[in-house]
Amino acid sequence: MRLSRYFLPTLKDTPSEAQIASHRLMLRAGMIRQSSSGVYSWLPLGLRVLKKIENIVREEQNAIGCHEVLMPTIQPADLWQKSGRYDDYGPEMLRIVDRHQRDMLYGPTNEEQITEIFAGSVRSYRELPQMLYHIQWKFRDEVRPRFGVMRGREFLMKDAYSFDIDKESARRSYNKMFVSYLKTYERLGLKAIPMAANTGPIGGDMSHEFLILAETGESEIACHRDFIEMSLVNEDIDFEGDLKPIVDRFTTKYAATDEMRNPEAEKVLGDDLVTARGIEVGHIFNFGTKYSKPMGASVAGPDGKDVDVEMGSYGIGVSRLVGGIIESSHDENGIIWPDSVSPFEVGVINLKAGDADCDKACDDTYNTLLEQGKDVIYDDRDARAGAKFADADLIGVPWQIILGPRGLKNGVVELKNRKSGEREELSLESALSKISK
RNA sequence: CGGGGUGUAGCGCAGUCUGGUAGCGCAUUCGCUUUGGGAGCGAAGGGUCGGAGGUUCGAAUCCUCUCACCCCGACCA
């Protein structure tokens, strides 16, 4: 991508409404613009990151046999009247009346919709278990939206739903999703800790929240010190096998969000107790027949008798993750992306655009990287060096190849690593091979 | 929903108390000089001062109403 032709409206000054790092940086880096309170437009750079996160989430869902669908944002009110939630949900639900005076709503979640689809299509236990998900925009009319995309009213969520014939099977689906979530967050470069949670308005008997630690997190959490180091990295997981040992490993030690904290358990932990603030980036529920019963989602069991299916739902806040990742990874100059979600892998910075030799060297480098299949941003703008360096750091270009007349005269380029801040002068060939590692 | 705050050029702000030609920095456009970590000089463009009423010879400034946005708290991916 040539920066001179790209749409990247970066800001030198911080807009006054942005108080936390991720919100400030997303505005300054030209990732988003606010439309109204809690509602944002995604500009090219922000959208690139959003899509990268979305794709990782998608791959991990597909990997456990969860099938993607796409349900509408607008739902009919009678669906929700059937489940009894139309009145329960309150003013957080955005209600709409269409031209025929039918009551509609902008979906805050999709349990009713998916249950109806399932109920109309599946008749036998032989077709179970089944898991479906979609990645779709939601709207919840929050009392107080804040922190940019971290608590917007409109947000992108991956929500999955499981259908099983009995509790034991439902538990297996839950475990599958649980472990899949741990893997998903690791791929996103995040340390997410599962914590027992209240089931809230969605209901059910078992629920976990996944939180990442960050100073600006909205809830105060406490957990065993071991969670900080726990990881699934390099573990080859058989999702068709018994996942209970892994789930146990991540659930037996103490970890609780503020409303679930237990002072006695914390006392026992002593020095092993860590308290911090956390951002909720996922929430999974097992809620049995809460929706299947009222909405008639039953199947014939082995004995021919109808059984209400056991259900669960599993959410990941995709747009929130963009903010969450920035909260946990930035410095005073800008964003430091985990490799997996970085909008660009490498940048080429032309220090003297307009200089024939320098332009040629930069163009060649740019083309070579493109041929290698890299996501590359080429700063070919006619701007001063300082402005280019500042923008590259602001938007978090992980590797920056800096070419100027001075270095070219000596046959070297400068290679900068955004994360470590290291800079070194070396030949273009060495720089390219270092990046490819 | 309770409490607090802010709306003035694209962005950041001053001016409001004490009414009298709407300003500063950055950005933008043009010219010259510069060019390796957000350049210098000169010139230019850009505003219904959030909106509606009112007071006044005269309102960004005073009064009334209203809208939007932000922050703290209670609720949530």
# chains A, B, ... in the order shown; residues from 1 in each chain; ligands from 1
$ interface_residues --of "chain B" --to "chain A" --cutoff "6 Å" --atoms "only C-alpha atoms (C1' of nucleotides)" --output "list of chain:residue names"
B:G37, B:G38, B:C70, B:A77
$ write_last_selection --atoms "N, CA, C and O atoms (P, O5', C5', C4', C3', O3' and C1' of nucleotides)" --output "mmCIF file, in the first residue's frame"
data_model
loop_
_atom_site.group_PDB
_atom_site.id
_atom_site.type_symbol
_atom_site.label_atom_id
_atom_site.label_comp_id
_atom_site.auth_asym_id
_atom_site.auth_seq_id
_atom_site.Cartn_x
_atom_site.Cartn_y
_atom_site.Cartn_z
ATOM 1 P P G B 37 16.529 13.882 12.354
ATOM 2 O "O5'" G B 37 15.061 13.303 12.096
ATOM 3 C "C5'" G B 37 13.936 14.196 12.055
ATOM 4 C "C4'" G B 37 12.989 13.862 13.168
ATOM 5 C "C3'" G B 37 13.437 14.282 14.561
ATOM 6 O "O3'" G B 37 12.288 14.629 15.310
ATOM 7 C "C1'" G B 37 13.150 11.948 14.531
ATOM 8 P P G B 38 11.794 16.209 15.060
ATOM 9 O "O5'" G B 38 10.780 16.044 13.857
ATOM 10 C "C5'" G B 38 9.559 15.381 14.057
ATOM 11 C "C4'" G B 38 8.506 16.003 13.195
ATOM 12 C "C3'" G B 38 8.108 17.436 13.588
ATOM 13 O "O3'" G B 38 7.620 18.046 12.406
ATOM 14 C "C1'" G B 38 6.256 16.027 13.830
ATOM 15 P P C B 70 -19.486 10.524 24.166
ATOM 16 O "O5'" C B 70 -18.545 11.168 25.287
ATOM 17 C "C5'" C B 70 -17.203 11.493 24.999
ATOM 18 C "C4'" C B 70 -16.585 12.241 26.137
ATOM 19 C "C3'" C B 70 -16.612 11.531 27.489
ATOM 20 O "O3'" C B 70 -15.582 10.584 27.599
ATOM 21 C "C1'" C B 70 -17.327 13.751 27.783
ATOM 22 P P A B 77 -22.162 -9.579 29.384
ATOM 23 O "O5'" A B 77 -21.510 -9.454 27.923
ATOM 24 C "C5'" A B 77 -21.073 -10.655 27.287
ATOM 25 C "C4'" A B 77 -19.950 -10.329 26.334
ATOM 26 C "C3'" A B 77 -18.838 -9.455 26.892
ATOM 27 O "O3'" A B 77 -17.898 -10.202 27.649
ATOM 28 C "C1'" A B 77 -19.488 -8.650 24.774
#
$ select_by_dssp --residues "segment 14-156 of chain A" --states "strand (DSSP E or B)" --output "number ranges by chain"
A: 32-36, 39-42, 67-68, 74-76, 94-97, 103-106, 124, 130-139, 146, 151, 154-156
$ write_last_selection --atoms "N, CA, C and O atoms" --output "short mmCIF file (atom, residue, chain, number, x, y, z; two decimals), in the first residue's frame"
data_model
loop_
_atom_site.label_atom_id
_atom_site.label_comp_id
_atom_site.auth_asym_id
_atom_site.auth_seq_id
_atom_site.Cartn_x
_atom_site.Cartn_y
_atom_site.Cartn_z
N ILE A 32 -10.63 4.80 13.55
CA ILE A 32 -12.07 4.98 13.72
C ILE A 32 -12.42 6.47 13.76
O ILE A 32 -11.56 7.32 13.98
N ARG A 33 -13.69 6.76 13.52
CA ARG A 33 -14.23 8.08 13.79
C ARG A 33 -15.58 7.87 14.46
O ARG A 33 -16.32 6.95 14.10
N GLN A 34 -15.88 8.72 15.41
CA GLN A 34 -17.15 8.58 16.12
C GLN A 34 -18.30 9.13 15.29
O GLN A 34 -18.18 10.17 14.65
N SER A 35 -19.41 8.42 15.31
CA SER A 35 -20.60 8.88 14.62
C SER A 35 -21.57 9.49 15.63
O SER A 35 -21.99 10.62 15.49
N SER A 36 -21.92 8.74 16.64
CA SER A 36 -22.66 9.29 17.79
C SER A 36 -22.15 8.54 19.00
O SER A 36 -21.31 7.67 18.88
N VAL A 39 -21.08 4.84 18.94
CA VAL A 39 -21.24 4.31 17.58
C VAL A 39 -20.11 4.86 16.71
O VAL A 39 -19.90 6.07 16.66
N TYR A 40 -19.40 3.96 16.04
CA TYR A 40 -18.20 4.35 15.31
C TYR A 40 -18.18 3.87 13.87
O TYR A 40 -18.71 2.82 13.55
N SER A 41 -17.53 4.67 13.04
CA SER A 41 -17.19 4.22 11.70
C SER A 41 -15.78 3.65 11.76
O SER A 41 -14.93 4.17 12.49
N TRP A 42 -15.53 2.63 11.00
CA TRP A 42 -14.20 2.03 10.93
C TRP A 42 -13.53 2.47 9.65
O TRP A 42 -14.03 2.23 8.56
N HIS A 67 -20.20 -24.16 12.93
CA HIS A 67 -20.48 -23.74 11.56
C HIS A 67 -20.96 -22.31 11.49
O HIS A 67 -21.83 -21.90 12.26
N GLU A 68 -20.41 -21.57 10.53
CA GLU A 68 -20.77 -20.16 10.44
C GLU A 68 -22.08 -19.96 9.71
O GLU A 68 -22.34 -20.56 8.66
N ILE A 74 -31.75 -6.99 12.48
CA ILE A 74 -33.11 -6.60 12.86
C ILE A 74 -33.96 -7.86 13.08
O ILE A 74 -34.01 -8.72 12.20
N GLN A 75 -34.59 -7.93 14.22
CA GLN A 75 -35.38 -9.11 14.55
C GLN A 75 -36.83 -8.69 14.89
O GLN A 75 -37.05 -7.59 15.37
N PRO A 76 -37.79 -9.61 14.65
CA PRO A 76 -39.17 -9.31 15.01
C PRO A 76 -39.39 -9.45 16.51
O PRO A 76 -38.82 -10.34 17.15
N LEU A 94 -32.91 -1.70 21.67
CA LEU A 94 -33.38 -0.65 20.77
C LEU A 94 -34.60 -1.17 20.01
O LEU A 94 -34.50 -2.09 19.22
N ARG A 95 -35.75 -0.57 20.28
CA ARG A 95 -36.98 -1.04 19.68
C ARG A 95 -37.35 -0.16 18.50
O ARG A 95 -37.19 1.06 18.55
N ILE A 96 -37.86 -0.80 17.45
CA ILE A 96 -38.14 -0.11 16.20
C ILE A 96 -39.53 -0.52 15.74
O ILE A 96 -39.93 -1.67 15.93
N VAL A 97 -40.24 0.40 15.13
CA VAL A 97 -41.54 0.05 14.56
C VAL A 97 -41.43 0.21 13.05
O VAL A 97 -40.97 1.25 12.57
N ASP A 103 -43.74 -4.38 15.58
CA ASP A 103 -42.64 -4.12 16.50
C ASP A 103 -41.43 -4.96 16.11
O ASP A 103 -41.52 -6.16 15.96
N MET A 104 -40.32 -4.25 15.93
CA MET A 104 -39.06 -4.90 15.58
C MET A 104 -38.02 -4.47 16.62
O MET A 104 -38.28 -3.63 17.48
N LEU A 105 -36.84 -5.02 16.51
CA LEU A 105 -35.77 -4.59 17.41
C LEU A 105 -34.43 -4.82 16.73
O LEU A 105 -34.31 -5.66 15.85
N TYR A 106 -33.43 -4.04 17.16
CA TYR A 106 -32.07 -4.27 16.68
C TYR A 106 -31.45 -5.25 17.67
O TYR A 106 -31.33 -4.94 18.84
N SER A 124 -34.19 -34.85 15.09
CA SER A 124 -33.73 -36.09 15.72
C SER A 124 -32.43 -35.90 16.50
O SER A 124 -31.59 -35.08 16.13
N GLN A 130 -24.75 -30.14 17.74
CA GLN A 130 -24.59 -29.16 16.68
C GLN A 130 -24.11 -27.83 17.29
O GLN A 130 -24.52 -27.47 18.40
N MET A 131 -23.22 -27.16 16.55
CA MET A 131 -22.78 -25.83 17.02
C MET A 131 -22.81 -24.85 15.83
O MET A 131 -22.32 -25.17 14.75
N LEU A 132 -23.41 -23.70 16.06
CA LEU A 132 -23.50 -22.67 15.01
C LEU A 132 -23.02 -21.34 15.58
O LEU A 132 -23.18 -21.06 16.76
N TYR A 133 -22.44 -20.52 14.70
CA TYR A 133 -22.04 -19.19 15.18
C TYR A 133 -22.20 -18.18 14.05
O TYR A 133 -22.33 -18.55 12.88
N HIS A 134 -22.23 -16.92 14.43
CA HIS A 134 -22.10 -15.89 13.43
C HIS A 134 -21.33 -14.72 14.01
O HIS A 134 -21.10 -14.63 15.22
N ILE A 135 -20.84 -13.87 13.11
CA ILE A 135 -20.10 -12.68 13.53
C ILE A 135 -20.91 -11.51 12.98
O ILE A 135 -20.96 -11.30 11.77
N GLN A 136 -21.57 -10.81 13.86
CA GLN A 136 -22.53 -9.81 13.40
C GLN A 136 -22.58 -8.62 14.36
O GLN A 136 -22.26 -8.74 15.54
N TRP A 137 -23.00 -7.49 13.85
CA TRP A 137 -23.13 -6.30 14.68
C TRP A 137 -24.32 -6.42 15.60
O TRP A 137 -25.38 -6.90 15.22
N LYS A 138 -24.10 -5.96 16.82
CA LYS A 138 -25.14 -5.96 17.84
C LYS A 138 -25.37 -4.52 18.27
O LYS A 138 -24.51 -3.65 18.09
N PHE A 139 -26.52 -4.29 18.86
CA PHE A 139 -26.75 -2.97 19.44
C PHE A 139 -27.35 -3.12 20.83
O PHE A 139 -28.34 -3.80 20.99
N ARG A 146 -18.70 4.31 26.71
CA ARG A 146 -17.44 5.00 27.03
C ARG A 146 -16.25 4.24 26.49
O ARG A 146 -16.39 3.13 26.00
N ARG A 151 -16.59 0.05 25.05
CA ARG A 151 -17.97 -0.04 25.49
C ARG A 151 -18.84 0.81 24.57
O ARG A 151 -19.32 1.87 24.93
N GLU A 154 -23.01 0.08 19.62
CA GLU A 154 -22.96 -0.87 18.50
C GLU A 154 -21.61 -1.56 18.56
O GLU A 154 -20.59 -0.91 18.71
N PHE A 155 -21.60 -2.87 18.47
CA PHE A 155 -20.33 -3.59 18.55
C PHE A 155 -20.42 -4.88 17.75
O PHE A 155 -21.51 -5.42 17.53
N LEU A 156 -19.24 -5.36 17.32
CA LEU A 156 -19.20 -6.59 16.55
C LEU A 156 -18.92 -7.75 17.50
O LEU A 156 -17.96 -7.71 18.26
#
$ residues_around --residues "U29 of chain B" --least-positions-apart "4" --cutoff "12 Å" --atoms "only C-alpha atoms (C1' of nucleotides)" --output "list in words"
A43, A44, G45 and G46 of chain B
$ write_last_selection --atoms "all heavy atoms" --output "CSV table (one decimal), in the first residue's frame"
chain,number,residue,atom,x,y,z
B,43,A,P,3.1,38.4,6.1
B,43,A,OP1,2.7,39.8,6.2
B,43,A,OP2,3.0,37.5,7.2
B,43,A,O5',2.2,37.8,4.9
B,43,A,C5',1.9,38.5,3.7
B,43,A,C4',1.3,37.7,2.6
B,43,A,O4',2.1,36.4,2.5
B,43,A,C3',-0.1,37.2,2.9
B,43,A,O3',-1.1,38.1,2.7
B,43,A,C2',-0.2,36.0,1.9
B,43,A,O2',-0.4,36.5,0.6
B,43,A,C1',1.2,35.4,2.0
B,43,A,N9,1.2,34.3,3.0
B,43,A,C8,1.7,34.3,4.3
B,43,A,N7,1.5,33.1,4.9
B,43,A,C5,0.8,32.3,3.9
B,43,A,C6,0.3,31.0,3.9
B,43,A,N6,0.5,30.2,4.9
B,43,A,N1,-0.3,30.5,2.8
B,43,A,C2,-0.4,31.4,1.7
B,43,A,N3,0.0,32.6,1.6
B,43,A,C4,0.6,33.1,2.7
B,44,A,P,-2.4,38.1,3.6
B,44,A,OP1,-3.2,39.3,3.3
B,44,A,OP2,-2.1,37.7,5.0
B,44,A,O5',-3.2,36.9,2.9
B,44,A,C5',-3.6,36.9,1.6
B,44,A,C4',-4.2,35.6,1.1
B,44,A,O4',-3.2,34.6,1.3
B,44,A,C3',-5.4,35.1,1.9
B,44,A,O3',-6.6,35.7,1.4
B,44,A,C2',-5.3,33.6,1.5
B,44,A,O2',-5.8,33.4,0.2
B,44,A,C1',-3.8,33.4,1.6
B,44,A,N9,-3.4,32.8,2.9
B,44,A,C8,-2.8,33.5,3.9
B,44,A,N7,-2.5,32.7,4.9
B,44,A,C5,-3.0,31.5,4.6
B,44,A,C6,-3.1,30.3,5.3
B,44,A,N6,-2.6,30.1,6.5
B,44,A,N1,-3.7,29.2,4.6
B,44,A,C2,-4.1,29.4,3.4
B,44,A,N3,-4.2,30.5,2.7
B,44,A,C4,-3.6,31.5,3.3
B,45,G,P,-7.8,35.8,2.4
B,45,G,OP1,-8.8,36.8,1.8
B,45,G,OP2,-7.3,36.0,3.8
B,45,G,O5',-8.5,34.4,2.4
B,45,G,C5',-8.9,33.9,1.1
B,45,G,C4',-9.2,32.4,1.2
B,45,G,O4',-8.0,31.7,1.6
B,45,G,C3',-10.2,32.0,2.3
B,45,G,O3',-11.6,32.2,1.9
B,45,G,C2',-9.9,30.6,2.6
B,45,G,O2',-10.4,29.7,1.6
B,45,G,C1',-8.3,30.6,2.4
B,45,G,N9,-7.7,30.7,3.7
B,45,G,C8,-7.1,31.9,4.3
B,45,G,N7,-6.6,31.7,5.5
B,45,G,C5,-6.8,30.3,5.7
B,45,G,C6,-6.4,29.5,6.8
B,45,G,O6,-5.8,29.8,7.8
B,45,G,N1,-6.8,28.2,6.6
B,45,G,C2,-7.5,27.7,5.5
B,45,G,N2,-7.7,26.4,5.6
B,45,G,N3,-7.8,28.4,4.5
B,45,G,C4,-7.4,29.7,4.6
B,46,G,P,-12.6,32.7,2.9
B,46,G,OP1,-13.9,32.9,2.2
B,46,G,OP2,-12.1,33.9,3.7
B,46,G,O5',-12.8,31.5,4.0
B,46,G,C5',-13.4,30.3,3.5
B,46,G,C4',-13.1,29.2,4.5
B,46,G,O4',-11.7,29.1,4.8
B,46,G,C3',-13.7,29.5,5.9
B,46,G,O3',-15.1,29.1,5.9
B,46,G,C2',-12.9,28.6,6.8
B,46,G,O2',-13.3,27.3,6.8
B,46,G,C1',-11.5,28.7,6.1
B,46,G,N9,-10.7,29.8,6.8
B,46,G,C8,-10.5,31.1,6.4
B,46,G,N7,-9.7,31.7,7.2
B,46,G,C5,-9.3,30.8,8.1
B,46,G,C6,-8.4,30.9,9.2
B,46,G,O6,-7.7,31.9,9.6
B,46,G,N1,-8.2,29.6,9.9
B,46,G,C2,-8.9,28.5,9.6
B,46,G,N2,-8.6,27.4,10.3
B,46,G,N3,-9.7,28.4,8.5
B,46,G,C4,-9.9,29.5,7.9
$ select_by_dssp --residues "segment 39-263 of chain A" --states "helix (DSSP H, G or I)" --output "ChimeraX atom specification"
/A:44-63,77-83,85-88,90-92,111-119,125-127,148-150,167-187,200-202,225-228,244-251,258-260,263
$ residues_around --residues "Ala431 of chain A" --least-positions-apart "6" --cutoff "8 Å" --atoms "only C-alpha atoms (C1' of nucleotides)" --output "PyMOL selection string"
chain A and resi 401+413+415
$ write_last_selection --atoms "N, CA, C and O atoms" --output "PDB file, in the first residue's frame"
ATOM      1  N   ILE A 401      11.649  -0.519   7.432  1.00  0.00           N
ATOM      2  CA  ILE A 401      12.884  -0.417   6.648  1.00  0.00           C
ATOM      3  C   ILE A 401      13.010   1.030   6.197  1.00  0.00           C
ATOM      4  O   ILE A 401      12.152   1.545   5.473  1.00  0.00           O
ATOM      5  N   VAL A 413      20.710   0.121   4.763  1.00  0.00           N
ATOM      6  CA  VAL A 413      19.404   0.678   5.132  1.00  0.00           C
ATOM      7  C   VAL A 413      19.307   0.552   6.649  1.00  0.00           C
ATOM      8  O   VAL A 413      20.119  -0.108   7.284  1.00  0.00           O
ATOM      9  N   LEU A 415      16.997  -0.723   9.809  1.00  0.00           N
ATOM     10  CA  LEU A 415      15.876  -1.587  10.134  1.00  0.00           C
ATOM     11  C   LEU A 415      15.467  -1.328  11.583  1.00  0.00           C
ATOM     12  O   LEU A 415      16.287  -1.409  12.490  1.00  0.00           O
TER      13      LEU A 415
END
$ residues_around --residues "Glu235 of chain A" --least-positions-apart "3" --cutoff "12 Å" --atoms "only C-alpha atoms (C1' of nucleotides)" --output "MDAnalysis selection string"
chainID A and resid 179 182:183 186 230:232 238:239 246
$ write_last_selection --atoms "N, CA and C atoms" --output "CSV table (one decimal), in the first residue's frame"
chain,number,residue,atom,x,y,z
A,179,VAL,N,-11.9,-24.4,25.8
A,179,VAL,CA,-10.5,-24.5,25.4
A,179,VAL,C,-10.2,-23.8,24.1
A,182,LEU,N,-9.4,-20.2,24.9
A,182,LEU,CA,-8.0,-20.0,25.4
A,182,LEU,C,-7.1,-19.9,24.2
A,183,LYS,N,-7.3,-20.8,23.2
A,183,LYS,CA,-6.4,-20.8,22.1
A,183,LYS,C,-6.6,-19.6,21.2
A,186,GLU,N,-4.8,-16.7,22.8
A,186,GLU,CA,-3.4,-16.8,22.7
A,186,GLU,C,-2.9,-16.4,21.3
A,230,MET,N,0.2,-19.3,33.0
A,230,MET,CA,-0.5,-20.5,32.4
A,230,MET,C,-0.7,-20.2,30.9
A,231,SER,N,-0.5,-21.3,30.1
A,231,SER,CA,-0.6,-21.1,28.7
A,231,SER,C,-0.8,-22.5,28.0
A,232,LEU,N,-1.3,-22.4,26.8
A,232,LEU,CA,-1.6,-23.6,26.0
A,232,LEU,C,-0.6,-23.7,24.8
A,238,ASP,N,-6.5,-32.2,21.0
A,238,ASP,CA,-7.5,-33.0,20.3
A,238,ASP,C,-8.9,-32.6,20.7
A,239,PHE,N,-9.6,-31.8,19.9
A,239,PHE,CA,-10.9,-31.3,20.4
A,239,PHE,C,-11.9,-32.4,20.4
A,246,ILE,N,-7.9,-30.2,30.7
A,246,ILE,CA,-7.5,-28.8,30.4
A,246,ILE,C,-8.4,-27.8,31.1
$ residues_around --residues "segment 22-25 of chain B" --least-positions-apart "4" --cutoff "9 Å" --atoms "only C-alpha atoms (C1' of nucleotides)" --output "ChimeraX atom specification"
/B:8,12-15,47,49,60
$ write_last_selection --atoms "N, CA, C and O atoms (P, O5', C5', C4', C3', O3' and C1' of nucleotides)" --output "compact mmCIF listing (two decimals), in the first residue's frame"
# COMPACT_ATOMS: atom_id res chain seq x y z
P U B 8 -16.76 23.90 19.86
O5' U B 8 -16.85 25.49 19.82
C5' U B 8 -17.76 26.12 18.94
C4' U B 8 -17.21 27.45 18.49
C3' U B 8 -15.83 27.40 17.85
O3' U B 8 -15.87 26.98 16.50
C1' U B 8 -15.86 29.11 19.45
P G B 12 -10.33 18.52 19.32
O5' G B 12 -9.06 19.27 19.92
C5' G B 12 -7.97 18.52 20.45
C4' G B 12 -6.92 19.46 20.95
C3' G B 12 -7.42 20.54 21.91
O3' G B 12 -7.53 20.03 23.23
C1' G B 12 -6.05 21.54 20.28
P C B 13 -8.61 20.69 24.21
O5' C B 13 -8.54 22.23 23.86
C5' C B 13 -8.71 23.20 24.85
C4' C B 13 -7.84 24.39 24.57
C3' C B 13 -8.44 25.75 24.96
O3' C B 13 -8.28 26.01 26.34
C1' C B 13 -7.50 25.91 22.80
P A B 14 -9.44 26.80 27.11
O5' A B 14 -9.16 28.30 26.62
C5' A B 14 -8.01 28.97 27.10
C4' A B 14 -7.81 30.32 26.46
C3' A B 14 -8.84 31.41 26.70
O3' A B 14 -8.80 31.91 28.02
C1' A B 14 -8.02 31.54 24.50
P G B 15 -10.12 32.35 28.77
O5' G B 15 -10.69 33.47 27.79
C5' G B 15 -10.10 34.75 27.74
C4' G B 15 -10.75 35.58 26.65
C3' G B 15 -12.23 35.90 26.87
O3' G B 15 -12.39 37.03 27.69
C1' G B 15 -11.87 35.15 24.64
P G B 47 -16.23 30.12 6.41
O5' G B 47 -16.17 30.03 8.00
C5' G B 47 -16.00 28.79 8.65
C4' G B 47 -16.66 28.85 10.01
C3' G B 47 -18.01 29.57 10.03
O3' G B 47 -18.91 28.89 10.86
C1' G B 47 -16.50 30.61 11.53
P C B 49 -22.83 32.16 15.32
O5' C B 49 -21.60 31.40 16.01
C5' C B 49 -21.53 30.00 16.06
C4' C B 49 -20.54 29.62 17.12
C3' C B 49 -21.09 29.64 18.55
O3' C B 49 -20.45 28.60 19.27
C1' C B 49 -19.29 31.13 18.41
P A B 60 -22.47 37.68 19.08
O5' A B 60 -21.73 36.36 19.58
C5' A B 60 -22.43 35.15 19.71
C4' A B 60 -21.75 34.25 20.71
C3' A B 60 -21.91 34.70 22.16
O3' A B 60 -23.10 34.21 22.73
C1' A B 60 -19.65 34.20 21.71
$ closest_residue --among "A:Val376, A:Ala353, A:Met295, A:Leu43" --to "Asp78 of chain A" --atoms "only C-alpha atoms"
A:Met295
$ atom_distance --atom1 "atom C1' of C72 of chain B" --atom2 "atom CA of Ser329 of chain A"
25.9 Å
$ residues_around --residues "Gly148 of chain A" --least-positions-apart "6" --cutoff "8 Å" --atoms "only C-alpha atoms (C1' of nucleotides)" --output "CSV table (one decimal) with N, CA and C atoms, in the first residue's frame"
chain,number,residue,atom,x,y,z
A,18,ALA,N,-11.3,11.7,24.2
A,18,ALA,CA,-10.7,10.4,24.4
A,18,ALA,C,-9.9,10.4,25.6
A,22,SER,N,-6.4,3.3,24.4
A,22,SER,CA,-6.8,2.7,23.2
A,22,SER,C,-7.7,3.6,22.4
A,23,HIS,N,-8.6,4.3,23.1
A,23,HIS,CA,-9.5,5.3,22.4
A,23,HIS,C,-8.7,6.4,21.7
A,38,GLY,N,-21.0,6.1,21.4
A,38,GLY,CA,-21.0,4.7,21.4
A,38,GLY,C,-21.1,4.0,20.0
A,323,GLY,N,-9.7,-2.6,20.9
A,323,GLY,CA,-9.4,-1.8,22.0
A,323,GLY,C,-8.6,-2.5,23.1
$ decode --residues "segment 257-268 of chain A" --atoms "N, CA, C and O atoms" --output "JSON list (two decimals), in the first residue's frame"
[["chain", "number", "residue", "atom", "x", "y", "z"],
["A", 257, "THR", "N", -14.11, -12.38, 39.30],
["A", 257, "THR", "CA", -14.41, -10.99, 39.01],
["A", 257, "THR", "C", -15.00, -10.38, 40.28],
["A", 257, "THR", "O", -15.35, -11.10, 41.21],
["A", 258, "ASP", "N", -15.12, -9.07, 40.30],
["A", 258, "ASP", "CA", -15.46, -8.39, 41.56],
["A", 258, "ASP", "C", -16.70, -8.93, 42.28],
["A", 258, "ASP", "O", -16.68, -9.14, 43.48],
["A", 259, "GLU", "N", -17.78, -9.21, 41.49],
["A", 259, "GLU", "CA", -19.00, -9.63, 42.18],
["A", 259, "GLU", "C", -18.94, -11.08, 42.66],
["A", 259, "GLU", "O", -19.80, -11.52, 43.40],
["A", 260, "MET", "N", -17.89, -11.80, 42.22],
["A", 260, "MET", "CA", -17.79, -13.21, 42.60],
["A", 260, "MET", "C", -16.66, -13.46, 43.60],
["A", 260, "MET", "O", -16.34, -14.61, 43.92],
["A", 261, "ARG", "N", -16.04, -12.42, 44.08],
["A", 261, "ARG", "CA", -14.87, -12.62, 44.95],
["A", 261, "ARG", "C", -15.23, -13.19, 46.31],
["A", 261, "ARG", "O", -16.29, -12.93, 46.85],
["A", 262, "ASN", "N", -14.29, -13.97, 46.81],
["A", 262, "ASN", "CA", -14.49, -14.68, 48.05],
["A", 262, "ASN", "C", -13.32, -14.37, 49.01],
["A", 262, "ASN", "O", -12.22, -14.88, 48.83],
["A", 263, "PRO", "N", -13.55, -13.51, 49.99],
["A", 263, "PRO", "CA", -12.48, -13.06, 50.89],
["A", 263, "PRO", "C", -11.76, -14.21, 51.60],
["A", 263, "PRO", "O", -10.54, -14.17, 51.78],
["A", 264, "GLU", "N", -12.51, -15.26, 51.95],
["A", 264, "GLU", "CA", -11.87, -16.37, 52.66],
["A", 264, "GLU", "C", -10.88, -17.09, 51.77],
["A", 264, "GLU", "O", -9.75, -17.39, 52.18],
["A", 265, "ALA", "N", -11.30, -17.37, 50.52],
["A", 265, "ALA", "CA", -10.41, -18.05, 49.59],
["A", 265, "ALA", "C", -9.17, -17.21, 49.32],
["A", 265, "ALA", "O", -8.07, -17.72, 49.17],
["A", 266, "GLU", "N", -9.35, -15.90, 49.29],
["A", 266, "GLU", "CA", -8.22, -15.01, 49.01],
["A", 266, "GLU", "C", -7.22, -14.99, 50.16],
["A", 266, "GLU", "O", -6.02, -14.89, 49.96],
["A", 267, "LYS", "N", -7.75, -15.08, 51.38],
["A", 267, "LYS", "CA", -6.90, -15.10, 52.56],
["A", 267, "LYS", "C", -5.97, -16.31, 52.53],
["A", 267, "LYS", "O", -4.77, -16.20, 52.80],
["A", 268, "VAL", "N", -6.53, -17.45, 52.13],
["A", 268, "VAL", "CA", -5.76, -18.69, 52.07],
["A", 268, "VAL", "C", -4.60, -18.57, 51.08],
["A", 268, "VAL", "O", -3.51, -19.09, 51.31]]
